[in-house]
Amino acid sequence: MSSNTPVEPRRTALDALHRSLGATMTDFAGWDMPLRYGSERDEHLAVRTRAGLFDLSHMGEITVSGPQAAALLDFALVGNIGGVKTGRARYTMICRADGGILDDLIVYRLADTEYMVVANASNAQVVLDALTERAEGFDAEVRDDRDAYALLAVQGPESPGILKSLTDADLDGLKYYAGLPGTVAGVPALIARTGYTGEDGFELFVAPADAEKLWQALTDAGAAAGLAPCGLSCRDTLRLEAGMPLYGHELSTSLTPFDAGLGRVVKFEKEGDFVGREALSAAAARAESQPPRVLVGLIAEGRRVPRAGYPVVADGQVIGEVTSGAPSPTLGRPIAMAYVDAEHSAPGTTGVGVDIRGSHEPYEVVALPFYKRQK
Amino acid sequence: MSNPQELRYSKEHEWLSGAEDGVSTVGITEHAANALGDVVYVQLPEVGAAVTAGETCGELESTKSVSDLYSPVTGEITEINQDVVDDPALVNTAPFEGGWLFKVRVADEPKDLLSAAEYTEYSGS
């Protein structure tokens with residue numbers, strides 16, 4: 001395709017509904033997605049205190065099935081996927097042979113021989129291609145199911161009550177990082193207790209044709225509890241407060257999971273080889289002997305907001321780089337995640353600042369996350 | 001939304017009131033405020049500072065981005081809105097009223113300031 005051909009953005013099944021709600025739309029990984037409906041701060045606080053409703057249909061679903069589905073995923077991903085029980089989910093990563101992170105994923109085990117892999121929208125094709133290539137020699141099928149699902153998320157402390165009013169599924173028995181097939185508002189759905197906000201909540205995978213009906217039912221059921229439609233802008237500040245990494249910011253092909261402080265997702269103890277094992281073993285040893293830059297939290301003493309790519313400084317020297325930054329609605333101050341040299345990474349380290357367009361603004365180094373919900 | 005008839009507008013989305021004793025009030029338009037999203041930090045020029053039409057004189061930070069603030073006219077700052085410094089959300093809730101940014105003694109103004117109707121057409125809202 002030539003570069004001057006305008007590429008039509010992909011639209012979700014809820015596109016017309018977003019427009020009728022007056023959403024400000026934004027391009028995200030080739031999708032036209034709601035950025036916010038009104039004030040992103042109000043949307044953020046709705047999720048923290050009540051409930052929010054998101055359209056996340058841009059996420060990339062890939063189904064892996066067959067007698068060797070588990071064996072394939074244990075080879076292709078860094079986690080112990082064969083050890084995931086049916087009805088449970090696992091946060092994991094897919095790496096290159098050199099250990100670089102291709103994407104972070106949630107893998108749901110739907111049945112003994114069937115898994116759903118959910119990739120970031122920006123990486124869905126890369127993940128699909130890698131899984132397809134790595135499937136060679138395995139008795140397993142890798143299927144692109146991106147168009148088979150719409151994904152709605154209802155997140156926040158009121159979300160269990162709202163969902164309960166629409167389903168007979170056993171939500172009390174549905175643990176965090178579990179998923180079960182059920183019916184919500186008459187619509188067949190995979191109901192998963194997962195999210196990217198730091199709150200309790202659910203993600204509902206449904207047929208695109210059912211998405212509008214489900215959105216409307218959730219909106220009606222949540223009205224009394226103060227459920228608000230929420231866009232990607234508040235999703236980003238919610239996940240930032242919760243210390244959750246975002247691919248392209250905290251994660252990239254130039255980092256291994258050990259560089260990102262997420263070495264725990266790599267399961268060397270699992271049987272058999274997996275893509276990246278050798279390089280990741282070396283990366284783990286390197287992280288022990290020569291600590292890499294450490295992902296930390298920064299809280300501003302002032303009001304200027306750090307942005308991705310801004311240098312972190314101490315004593316006039318660059319000691320790191322901001323990967324994500326935003327004004328935190330919960331803390332009322334600007335916050336950031338940043339990779340900094342290990343000697344400046346301890347919580348409470350003084351003299352650390354962020355170079356905000358030439359002026360060094362003081363920041364406090366804290367451990368992640370910035371926000372943890374009360375259970 | 002409607003852009004007040006009595007104001008004039010720059011293509012950088014600032015509004016300018018008619019002068020009283022040579023002093024005009026400046027803010028950003030509702031269109032600009034909506035495009036920014038929630039404004040969380042406002043940096044304004046200091047009282048007494050000289051500003052030049054079309055040049056940056058401050059910045060506005062929102063959740064997603066930082067944007068330069070341009071002066072629509074050339075002159076000297078006579079007052080800044082401390083309320084908006086303390087509560088930047090005023091830019092979103094009342095861009096044409098309580099969310100004004102600064103007052104400027106106008107020495108010169110460009111010829112291409114827009115009327116409300118022209119700005120509405122220019123901005124599409």
# chains A, B, ... in the order shown; residues from 1 in each chain; ligands from 1
>>> interface_residues(of="chain A", to="chain B", cutoff="12 Å", atoms="only C-alpha atoms", output="PyMOL selection string")
chain A and resi 22-26+35-44+231-238+302-308+324-329+332-335+356-357
>>> select_by_dssp(residues="segment 145-221 of chain A", states="strand (DSSP E)", output="number ranges by chain")
A: 150-155, 179-184, 187-192, 201-206
>>> closest_residue(among="A:Ala76, A:Gly30, A:Pro291, A:Val64", to="Ala97 of chain A", atoms="only C-alpha atoms")
A:Ala76
>>> residues_around(residues="segment 106-115 of chain B", least_positions_apart="2", cutoff="7 Å", atoms="only C-alpha atoms", output="ChimeraX atom specification")
/B:8-10,22-24,53,73-76,104,117-119
>>> select_by_dssp(residues="segment 35-103 of chain B", states="alpha helix (DSSP H)", output="list in words")
Ala35, Leu36, Gln82, Asp83, Val84, Val85, Asp86, Leu90, Val91, Asn92 and Thr93 of chain B
>>> closest_residue(among="B:Val84, B:Lys103, B:Phe96, B:Ser67", to="Pro4 of chain B", atoms="only C-alpha atoms")
B:Phe96
>>> residues_around(residues="Tyr196 of chain A", least_positions_apart="4", cutoff="10 Å", atoms="only C-alpha atoms", output="PyMOL selection string")
chain A and resi 153+155+200-203+235-236+238-240+242-246
>>> write_last_selection(atoms="N, CA and C atoms", output="PDB file, in the first residue's frame")
ATOM      1  N   ALA A 153     -15.918  -4.011  28.962  1.00  0.00           N
ATOM      2  CA  ALA A 153     -15.438  -4.179  30.330  1.00  0.00           C
ATOM      3  C   ALA A 153     -16.275  -3.321  31.250  1.00  0.00           C
ATOM      4  N   GLN A 155     -15.932  -2.093  35.100  1.00  0.00           N
ATOM      5  CA  GLN A 155     -14.874  -2.065  36.112  1.00  0.00           C
ATOM      6  C   GLN A 155     -15.264  -1.116  37.242  1.00  0.00           C
ATOM      7  N   ASP A 200     -11.770  -4.116  41.068  1.00  0.00           N
ATOM      8  CA  ASP A 200     -12.522  -5.315  40.735  1.00  0.00           C
ATOM      9  C   ASP A 200     -13.284  -5.028  39.444  1.00  0.00           C
ATOM     10  N   GLY A 201     -13.527  -6.065  38.660  1.00  0.00           N
ATOM     11  CA  GLY A 201     -14.271  -5.813  37.430  1.00  0.00           C
ATOM     12  C   GLY A 201     -14.286  -7.022  36.521  1.00  0.00           C
ATOM     13  N   PHE A 202     -14.981  -6.851  35.418  1.00  0.00           N
ATOM     14  CA  PHE A 202     -15.226  -7.960  34.504  1.00  0.00           C
ATOM     15  C   PHE A 202     -14.970  -7.524  33.070  1.00  0.00           C
ATOM     16  N   GLU A 203     -14.548  -8.496  32.272  1.00  0.00           N
ATOM     17  CA  GLU A 203     -14.433  -8.294  30.836  1.00  0.00           C
ATOM     18  C   GLU A 203     -15.354  -9.313  30.173  1.00  0.00           C
ATOM     19  N   ARG A 235      -8.653   4.985  31.003  1.00  0.00           N
ATOM     20  CA  ARG A 235      -8.079   3.643  31.139  1.00  0.00           C
ATOM     21  C   ARG A 235      -6.573   3.745  31.339  1.00  0.00           C
ATOM     22  N   ASP A 236      -5.950   4.694  30.643  1.00  0.00           N
ATOM     23  CA  ASP A 236      -4.510   4.864  30.762  1.00  0.00           C
ATOM     24  C   ASP A 236      -4.123   5.391  32.142  1.00  0.00           C
ATOM     25  N   LEU A 238      -5.875   5.048  34.882  1.00  0.00           N
ATOM     26  CA  LEU A 238      -6.215   4.003  35.860  1.00  0.00           C
ATOM     27  C   LEU A 238      -5.109   2.955  35.930  1.00  0.00           C
ATOM     28  N   ARG A 239      -4.642   2.503  34.769  1.00  0.00           N
ATOM     29  CA  ARG A 239      -3.606   1.461  34.774  1.00  0.00           C
ATOM     30  C   ARG A 239      -2.276   2.036  35.269  1.00  0.00           C
ATOM     31  N   LEU A 240      -2.037   3.312  34.992  1.00  0.00           N
ATOM     32  CA  LEU A 240      -0.801   3.936  35.475  1.00  0.00           C
ATOM     33  C   LEU A 240      -0.806   3.998  37.002  1.00  0.00           C
ATOM     34  N   ALA A 242      -2.326   2.059  38.923  1.00  0.00           N
ATOM     35  CA  ALA A 242      -2.237   0.677  39.405  1.00  0.00           C
ATOM     36  C   ALA A 242      -0.873   0.053  39.103  1.00  0.00           C
ATOM     37  N   GLY A 243       0.025   0.814  38.481  1.00  0.00           N
ATOM     38  CA  GLY A 243       1.377   0.336  38.215  1.00  0.00           C
ATOM     39  C   GLY A 243       1.444  -0.744  37.160  1.00  0.00           C
ATOM     40  N   MET A 244       0.444  -0.786  36.274  1.00  0.00           N
ATOM     41  CA  MET A 244       0.416  -1.831  35.247  1.00  0.00           C
ATOM     42  C   MET A 244       1.144  -1.351  33.995  1.00  0.00           C
ATOM     43  N   PRO A 245       2.017  -2.206  33.433  1.00  0.00           N
ATOM     44  CA  PRO A 245       2.781  -1.782  32.263  1.00  0.00           C
ATOM     45  C   PRO A 245       1.918  -1.711  31.006  1.00  0.00           C
ATOM     46  N   LEU A 246       2.313  -0.856  30.093  1.00  0.00           N
ATOM     47  CA  LEU A 246       1.654  -0.741  28.785  1.00  0.00           C
ATOM     48  C   LEU A 246       2.695  -0.992  27.706  1.00  0.00           C
TER      49      LEU A 246
END
>>> atom_distance(atom1="atom CA of Asp259 of chain A", atom2="atom CA of Val322 of chain A")
14.9 Å
>>> residues_around(residues="Thr56 of chain B", least_positions_apart="3", cutoff="7 Å", atoms="only C-alpha atoms", output="PyMOL selection string")
chain B and resi 68-71
>>> atom_distance(atom1="atom CA of Leu280 of chain A", atom2="atom CA of Gly99 of chain A")
5.3 Å
>>> atom_distance(atom1="atom CA of Pro347 of chain A", atom2="atom CA of Leu298 of chain A")
9.3 Å
>>> residues_around(residues="Val154 of chain A", least_positions_apart="3", cutoff="12 Å", atoms="only C-alpha atoms", output="PyMOL selection string")
chain A and resi 46-48+50-56+151+157-164+191-197+199-205+214-215+217-219+221-222+227-231+235
>>> closest_residue(among="A:Lys372, A:Arg10, A:His344, A:Arg96", to="Met59 of chain A", atoms="only C-alpha atoms")
A:Arg10
>>> decode(residues="segment 310-349 of chain A", atoms="N, CA and C atoms", output="PDB file, in the first residue's frame")
ATOM      1  N   TYR A 310      10.632  11.858  28.601  1.00  0.00           N
ATOM      2  CA  TYR A 310      11.351  12.916  29.319  1.00  0.00           C
ATOM      3  C   TYR A 310      12.479  12.287  30.141  1.00  0.00           C
ATOM      4  N   PRO A 311      13.649  12.945  30.171  1.00  0.00           N
ATOM      5  CA  PRO A 311      14.768  12.409  30.964  1.00  0.00           C
ATOM      6  C   PRO A 311      14.512  12.550  32.462  1.00  0.00           C
ATOM      7  N   VAL A 312      14.963  11.516  33.210  1.00  0.00           N
ATOM      8  CA  VAL A 312      15.001  11.607  34.671  1.00  0.00           C
ATOM      9  C   VAL A 312      16.422  12.002  35.039  1.00  0.00           C
ATOM     10  N   VAL A 313      16.575  12.954  35.953  1.00  0.00           N
ATOM     11  CA  VAL A 313      17.894  13.512  36.244  1.00  0.00           C
ATOM     12  C   VAL A 313      18.182  13.482  37.743  1.00  0.00           C
ATOM     13  N   ALA A 314      19.486  13.462  38.066  1.00  0.00           N
ATOM     14  CA  ALA A 314      19.955  13.640  39.439  1.00  0.00           C
ATOM     15  C   ALA A 314      21.345  14.246  39.355  1.00  0.00           C
ATOM     16  N   ASP A 315      21.601  15.250  40.133  1.00  0.00           N
ATOM     17  CA  ASP A 315      22.904  15.947  40.113  1.00  0.00           C
ATOM     18  C   ASP A 315      23.286  16.375  38.699  1.00  0.00           C
ATOM     19  N   GLY A 316      22.314  16.788  37.923  1.00  0.00           N
ATOM     20  CA  GLY A 316      22.605  17.271  36.577  1.00  0.00           C
ATOM     21  C   GLY A 316      22.880  16.168  35.565  1.00  0.00           C
ATOM     22  N   GLN A 317      22.841  14.903  36.009  1.00  0.00           N
ATOM     23  CA  GLN A 317      23.087  13.786  35.091  1.00  0.00           C
ATOM     24  C   GLN A 317      21.769  13.083  34.756  1.00  0.00           C
ATOM     25  N   VAL A 318      21.680  12.581  33.521  1.00  0.00           N
ATOM     26  CA  VAL A 318      20.508  11.787  33.152  1.00  0.00           C
ATOM     27  C   VAL A 318      20.664  10.396  33.769  1.00  0.00           C
ATOM     28  N   ILE A 319      19.686   9.999  34.562  1.00  0.00           N
ATOM     29  CA  ILE A 319      19.761   8.691  35.234  1.00  0.00           C
ATOM     30  C   ILE A 319      18.609   7.782  34.829  1.00  0.00           C
ATOM     31  N   GLY A 320      17.789   8.226  33.888  1.00  0.00           N
ATOM     32  CA  GLY A 320      16.675   7.380  33.480  1.00  0.00           C
ATOM     33  C   GLY A 320      15.752   8.099  32.524  1.00  0.00           C
ATOM     34  N   GLU A 321      14.610   7.459  32.258  1.00  0.00           N
ATOM     35  CA  GLU A 321      13.668   8.018  31.299  1.00  0.00           C
ATOM     36  C   GLU A 321      12.240   7.675  31.710  1.00  0.00           C
ATOM     37  N   VAL A 322      11.369   8.663  31.585  1.00  0.00           N
ATOM     38  CA  VAL A 322       9.951   8.454  31.865  1.00  0.00           C
ATOM     39  C   VAL A 322       9.346   7.589  30.757  1.00  0.00           C
ATOM     40  N   THR A 323       8.547   6.594  31.155  1.00  0.00           N
ATOM     41  CA  THR A 323       7.875   5.755  30.162  1.00  0.00           C
ATOM     42  C   THR A 323       6.391   6.079  30.044  1.00  0.00           C
ATOM     43  N   SER A 324       5.774   6.517  31.146  1.00  0.00           N
ATOM     44  CA  SER A 324       4.376   6.946  31.134  1.00  0.00           C
ATOM     45  C   SER A 324       4.225   8.026  32.188  1.00  0.00           C
ATOM     46  N   GLY A 325       3.424   9.038  31.896  1.00  0.00           N
ATOM     47  CA  GLY A 325       3.188  10.059  32.904  1.00  0.00           C
ATOM     48  C   GLY A 325       1.850  10.711  32.693  1.00  0.00           C
ATOM     49  N   ALA A 326       1.236  11.134  33.790  1.00  0.00           N
ATOM     50  CA  ALA A 326      -0.077  11.769  33.695  1.00  0.00           C
ATOM     51  C   ALA A 326      -0.405  12.421  35.029  1.00  0.00           C
ATOM     52  N   PRO A 327      -1.328  13.365  35.001  1.00  0.00           N
ATOM     53  CA  PRO A 327      -1.859  13.847  36.272  1.00  0.00           C
ATOM     54  C   PRO A 327      -2.698  12.732  36.901  1.00  0.00           C
ATOM     55  N   SER A 328      -2.437  12.415  38.151  1.00  0.00           N
ATOM     56  CA  SER A 328      -3.180  11.337  38.811  1.00  0.00           C
ATOM     57  C   SER A 328      -4.430  11.890  39.470  1.00  0.00           C
ATOM     58  N   PRO A 329      -5.611  11.484  38.998  1.00  0.00           N
ATOM     59  CA  PRO A 329      -6.831  11.978  39.642  1.00  0.00           C
ATOM     60  C   PRO A 329      -6.944  11.531  41.095  1.00  0.00           C
ATOM     61  N   THR A 330      -6.438  10.337  41.426  1.00  0.00           N
ATOM     62  CA  THR A 330      -6.571   9.842  42.795  1.00  0.00           C
ATOM     63  C   THR A 330      -5.621  10.562  43.737  1.00  0.00           C
ATOM     64  N   LEU A 331      -4.370  10.763  43.309  1.00  0.00           N
ATOM     65  CA  LEU A 331      -3.389  11.414  44.168  1.00  0.00           C
ATOM     66  C   LEU A 331      -3.469  12.938  44.086  1.00  0.00           C
ATOM     67  N   GLY A 332      -4.049  13.435  43.012  1.00  0.00           N
ATOM     68  CA  GLY A 332      -4.131  14.883  42.840  1.00  0.00           C
ATOM     69  C   GLY A 332      -2.815  15.517  42.444  1.00  0.00           C
ATOM     70  N   ARG A 333      -1.853  14.691  42.023  1.00  0.00           N
ATOM     71  CA  ARG A 333      -0.545  15.207  41.599  1.00  0.00           C
ATOM     72  C   ARG A 333      -0.089  14.434  40.365  1.00  0.00           C
ATOM     73  N   PRO A 334       0.815  15.038  39.591  1.00  0.00           N
ATOM     74  CA  PRO A 334       1.362  14.289  38.447  1.00  0.00           C
ATOM     75  C   PRO A 334       2.175  13.094  38.924  1.00  0.00           C
ATOM     76  N   ILE A 335       2.053  11.981  38.202  1.00  0.00           N
ATOM     77  CA  ILE A 335       2.820  10.773  38.504  1.00  0.00           C
ATOM     78  C   ILE A 335       3.441  10.248  37.214  1.00  0.00           C
ATOM     79  N   ALA A 336       4.427   9.372  37.386  1.00  0.00           N
ATOM     80  CA  ALA A 336       5.063   8.767  36.219  1.00  0.00           C
ATOM     81  C   ALA A 336       5.626   7.416  36.583  1.00  0.00           C
ATOM     82  N   MET A 337       5.747   6.559  35.573  1.00  0.00           N
ATOM     83  CA  MET A 337       6.601   5.394  35.686  1.00  0.00           C
ATOM     84  C   MET A 337       7.854   5.714  34.887  1.00  0.00           C
ATOM     85  N   ALA A 338       9.001   5.269  35.395  1.00  0.00           N
ATOM     86  CA  ALA A 338      10.265   5.571  34.736  1.00  0.00           C
ATOM     87  C   ALA A 338      11.258   4.460  35.007  1.00  0.00           C
ATOM     88  N   TYR A 339      12.112   4.204  34.029  1.00  0.00           N
ATOM     89  CA  TYR A 339      13.261   3.341  34.251  1.00  0.00           C
ATOM     90  C   TYR A 339      14.409   4.225  34.728  1.00  0.00           C
ATOM     91  N   VAL A 340      14.958   3.894  35.920  1.00  0.00           N
ATOM     92  CA  VAL A 340      16.084   4.682  36.434  1.00  0.00           C
ATOM     93  C   VAL A 340      17.222   3.747  36.831  1.00  0.00           C
ATOM     94  N   ASP A 341      18.445   4.301  36.843  1.00  0.00           N
ATOM     95  CA  ASP A 341      19.607   3.522  37.261  1.00  0.00           C
ATOM     96  C   ASP A 341      19.362   2.955  38.661  1.00  0.00           C
ATOM     97  N   ALA A 342      19.849   1.726  38.872  1.00  0.00           N
ATOM     98  CA  ALA A 342      19.525   1.010  40.109  1.00  0.00           C
ATOM     99  C   ALA A 342      19.879   1.817  41.359  1.00  0.00           C
ATOM    100  N   GLU A 343      20.989   2.564  41.310  1.00  0.00           N
ATOM    101  CA  GLU A 343      21.401   3.271  42.539  1.00  0.00           C
ATOM    102  C   GLU A 343      20.474   4.427  42.908  1.00  0.00           C
ATOM    103  N   HIS A 344      19.577   4.796  41.986  1.00  0.00           N
ATOM    104  CA  HIS A 344      18.620   5.868  42.301  1.00  0.00           C
ATOM    105  C   HIS A 344      17.191   5.329  42.436  1.00  0.00           C
ATOM    106  N   SER A 345      17.060   3.995  42.533  1.00  0.00           N
ATOM    107  CA  SER A 345      15.725   3.407  42.416  1.00  0.00           C
ATOM    108  C   SER A 345      15.042   3.134  43.752  1.00  0.00           C
ATOM    109  N   ALA A 346      15.774   3.263  44.856  1.00  0.00           N
ATOM    110  CA  ALA A 346      15.155   2.937  46.151  1.00  0.00           C
ATOM    111  C   ALA A 346      14.086   3.973  46.494  1.00  0.00           C
ATOM    112  N   PRO A 347      12.931   3.503  46.977  1.00  0.00           N
ATOM    113  CA  PRO A 347      11.906   4.464  47.405  1.00  0.00           C
ATOM    114  C   PRO A 347      12.498   5.432  48.427  1.00  0.00           C
ATOM    115  N   GLY A 348      12.182   6.702  48.239  1.00  0.00           N
ATOM    116  CA  GLY A 348      12.694   7.714  49.154  1.00  0.00           C
ATOM    117  C   GLY A 348      13.995   8.346  48.716  1.00  0.00           C
ATOM    118  N   THR A 349      14.595   7.834  47.617  1.00  0.00           N
ATOM    119  CA  THR A 349      15.822   8.434  47.095  1.00  0.00           C
ATOM    120  C   THR A 349      15.579   9.917  46.836  1.00  0.00           C
TER     121      THR A 349
END
